[in-house]
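Notes to accompany the following structure.
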Amino acid sequence: MKIALAQLNYHIGNFESNTDKILESIRKGKEAGVDLIIFSELAVCGYPPKDLLERKDFIERSLAYLDKIATHCTDIAAVVGGPSINPHPKGKKLYNSAYFLYEGKIQSIHNKTLLPNYDIFEEYRYFEPNTEFSLVEFKGKKIALTICEDLWEKQPVENNFAKEELYTVSPMEQLSKLQPDFVVNIAASPFSYTQKDVRTNILKSNTDRYQLPVFYVNQVGAHTDLIFDGDSMVLNAKGEIASRLKYFEEDFCIVDYEAIENGSLVHTQQQEVDYIERIHDALVLGLKDYFQKMGFSKATLGLSGGIDSAVTVVLAVRALGKENVRVLLLPSKYSSDHSIKDAVDLAENLGIQYEIVGIQEIFEKFESALAPIFNGLPFNVAEENIQARIRGTLMMGLSNKFGHILLNTSNKSEAAVGYGTLYGDMNGGLAVLGDVYKTDVFKMAWFMNKDGEVIPENSIVKPPSAELRPDQKDSDSLPDYDTLDAILFRFIEKNMSAEEIISEGFHDETVRRTIRMVNNNEYKRFQTPPILRVSSKAFGYGRKIPLVAKH
């Protein structure tokens, strides 16, 4: 038996495009003599469709296109993910399902049992969990169809209250009783650099537990904040990877089941890739798909000579092309000559269009207008923020005039502690680095320069500064970034308390001050653009903190 894995980039709600991709892969499979082709979770409609699932016409179109796909499955069988209607009067109206298509029609539907309901996942909001288990019999083999469950079953959920298992019932424990020959697992598993190898290790543990080969197909591509990395794979019954598809790209492969069954096909191990390179590739894909799927083409941002805007503009050029990126340099009287030169050098290194618009004269008019009200009060954060908002207004003016999307350049460290100005440098349609800590931004800059200087070295090595007052440094307001990021990671990603973080050797007041800044600036993050998610706990949809809570 020949089995094909089709790792595709879907577009939520774009049934025509999704179906065309699926049918093209089916055609390719037929030409190669494939018996069974496998697509990912909710492939027909795209994942995650969220509240679109509550629309009758959305479900009707999903079902109609599944019927259309089935008519092409004559000399080939297919497993395709899509929503299905719950025929029972009780429970949610829908299931998250895997359709088995063959002989021109839907042969059977297999529903998802374990519905993730944490962080970015809200599947229980829409779907009813499965309670009935059956196999697919095809060409003398019995197949267990599962939907992402092999990735999530019995994963520990850690918090300060308890360590407990997320799920205690495994669909594979039920399906294994029916003695399948192999497992097909279709998934929509998003990328997270903080969970390196977790997916592979869980799949390996399942093959070890049940002594069954696993054909795992994940989707690839980005949907606003969520980035899916692909990395589909086939494992034999020993837990050895027999075939593995690409990261962050569409891919297609065909494997011979008999070679998987007898263990003769073993994948050549890929060279280990550093997590910074993975984050880089994820952000490039996230940017590219956000623009393409939203129907945009051109981006803009403010280029300051600092490291955040430098890394953001390089990512934008790599995702969109240099002809589609235009920047403004917006110096004030506090901007150093070197910062302006660094920004100009970077723009010219990349070959992008840039203009220099000084903000000093505009700022002086603001000062003059507010002088009677400020009445001789000393220069402070008010004047600093006015400069940031002038820059934000000018950037939005360019965005509106030319139809460019303004990219936000704030990093996760700054977003965490509120080191940014609402309606100023926090403007934008998409936050590119909002889930990347400052220490990793520095690492990414060096990575971008690995084949020759793209980002001027001075932008990387000089002390970070917003340049909104004389001789300003980030370190005037914040702990050094190595310390800050270590504390933030423990508080945000690991959900540790102040006392737990302090017990690891961090300075008491530094920890408590950092946590106060995080808690006090939730209202700012509530108003930020969507953030490209690359960690296990990003700001935004997956982290819901009350704005007025007493911490």
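How things are named: the first chain in the structure tokens is A, the next is B, and so on; residues count from 1 in each chain; ligands count from 1 in the order shown.
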Among stretch 356-474 of chain A, which residues carry a DSSP assignment of alpha helix (DSSP H), reported as a ChimeraX atom specification? /A:360-374,381-402,412-417,438-448,457-461
Proximity check stretch 189-298 of chain A to stretch 437-441 of chain A, 12 Å, nearest pairs one decimal Å, only C-alpha atoms, as JSON lines:
{"residue": "A:Tyr193", "atom": "CA", "partner": "A:Asp440", "partner_atom": "CA", "distance": 11.6}
{"residue": "A:Asp274", "atom": "CA", "partner": "A:Asp440", "partner_atom": "CA", "distance": 11.8}
{"residue": "A:Tyr275", "atom": "CA", "partner": "A:Asp440", "partner_atom": "CA", "distance": 9.7}
{"residue": "A:Ile276", "atom": "CA", "partner": "A:Asp440", "partner_atom": "CA", "distance": 7.2}
{"residue": "A:Glu277", "atom": "CA", "partner": "A:Asp440", "partner_atom": "CA", "distance": 10.7}
{"residue": "A:Arg278", "atom": "CA", "partner": "A:Asp440", "partner_atom": "CA", "distance": 11.8}
{"residue": "A:Ile279", "atom": "CA", "partner": "A:Asp440", "partner_atom": "CA", "distance": 9.4}
{"residue": "A:His280", "atom": "CA", "partner": "A:Val441", "partner_atom": "CA", "distance": 9.9}
Include C-alpha atoms and write out the residues we just selected as a PDB file, in the first residue's frame.
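Listing of again_19.pdb after writing:
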ATOM      1  CA  TYR A 193      10.024  27.270  20.226  1.00  0.00           C
ATOM      2  CA  ASP A 274      19.033  26.480  16.498  1.00  0.00           C
ATOM      3  CA  TYR A 275      15.813  27.788  18.019  1.00  0.00           C
ATOM      4  CA  ILE A 276      16.592  31.335  16.829  1.00  0.00           C
ATOM      5  CA  GLU A 277      16.578  30.120  13.225  1.00  0.00           C
ATOM      6  CA  ARG A 278      13.231  28.410  13.861  1.00  0.00           C
ATOM      7  CA  ILE A 279      11.790  31.647  15.298  1.00  0.00           C
ATOM      8  CA  HIS A 280      13.169  33.578  12.331  1.00  0.00           C
TER       9      HIS A 280
END
Non-local contacts of A:Arg513 (12 Å; only C-alpha atoms; under 2 positions in same chain excluded) as a list in words: Val417, Ser477, Leu478, Pro479, Leu484, Ile487, Leu488, Ala498, Ile502, Phe506, His507, Asp508, Glu509, Thr510, Val511, Ile515, Arg516, Met517, Val518, Asn519 and Asn520 of chain A
Measuring between only C-alpha atoms, which one of A:Glu414, A:Glu54, A:Asp229, A:Glu173 shows the shortest distance to A:Thr146? A:Glu173
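The smallest atom-to-atom distance between A:Gln7 and any of A:Lys90, A:Lys246, A:Lys450, A:Lys68, using only C-alpha atoms, is found for A:Lys246.
A straight line drawn from atom CA of A:Ser170 to atom CA of A:Arg209 is 11.8 Å long.
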Polymer residues at most 7 Å from A:Pro464, only C-alpha atoms, same-chain spacing of 2 or more positions, as a ChimeraX atom specification: /A:306,462,473-474
Output N, CA and C atoms for every residue in the selection just made, as a PDB file, in the first residue's frame.
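Result saved to again.pdb:
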ATOM      1  N   GLY A 306      17.791  51.508  15.919  1.00  0.00           N
ATOM      2  CA  GLY A 306      17.829  50.547  17.009  1.00  0.00           C
ATOM      3  C   GLY A 306      17.630  49.129  16.515  1.00  0.00           C
ATOM      4  N   LYS A 462      25.334  48.706  20.521  1.00  0.00           N
ATOM      5  CA  LYS A 462      25.164  49.917  21.328  1.00  0.00           C
ATOM      6  C   LYS A 462      24.095  49.697  22.393  1.00  0.00           C
ATOM      7  N   LYS A 473      18.897  55.713  28.247  1.00  0.00           N
ATOM      8  CA  LYS A 473      19.206  54.289  28.067  1.00  0.00           C
ATOM      9  C   LYS A 473      18.035  53.478  28.622  1.00  0.00           C
ATOM     10  N   ASP A 474      17.753  52.331  28.001  1.00  0.00           N
ATOM     11  CA  ASP A 474      16.716  51.443  28.538  1.00  0.00           C
ATOM     12  C   ASP A 474      17.037  51.057  29.977  1.00  0.00           C
TER      13      ASP A 474
END
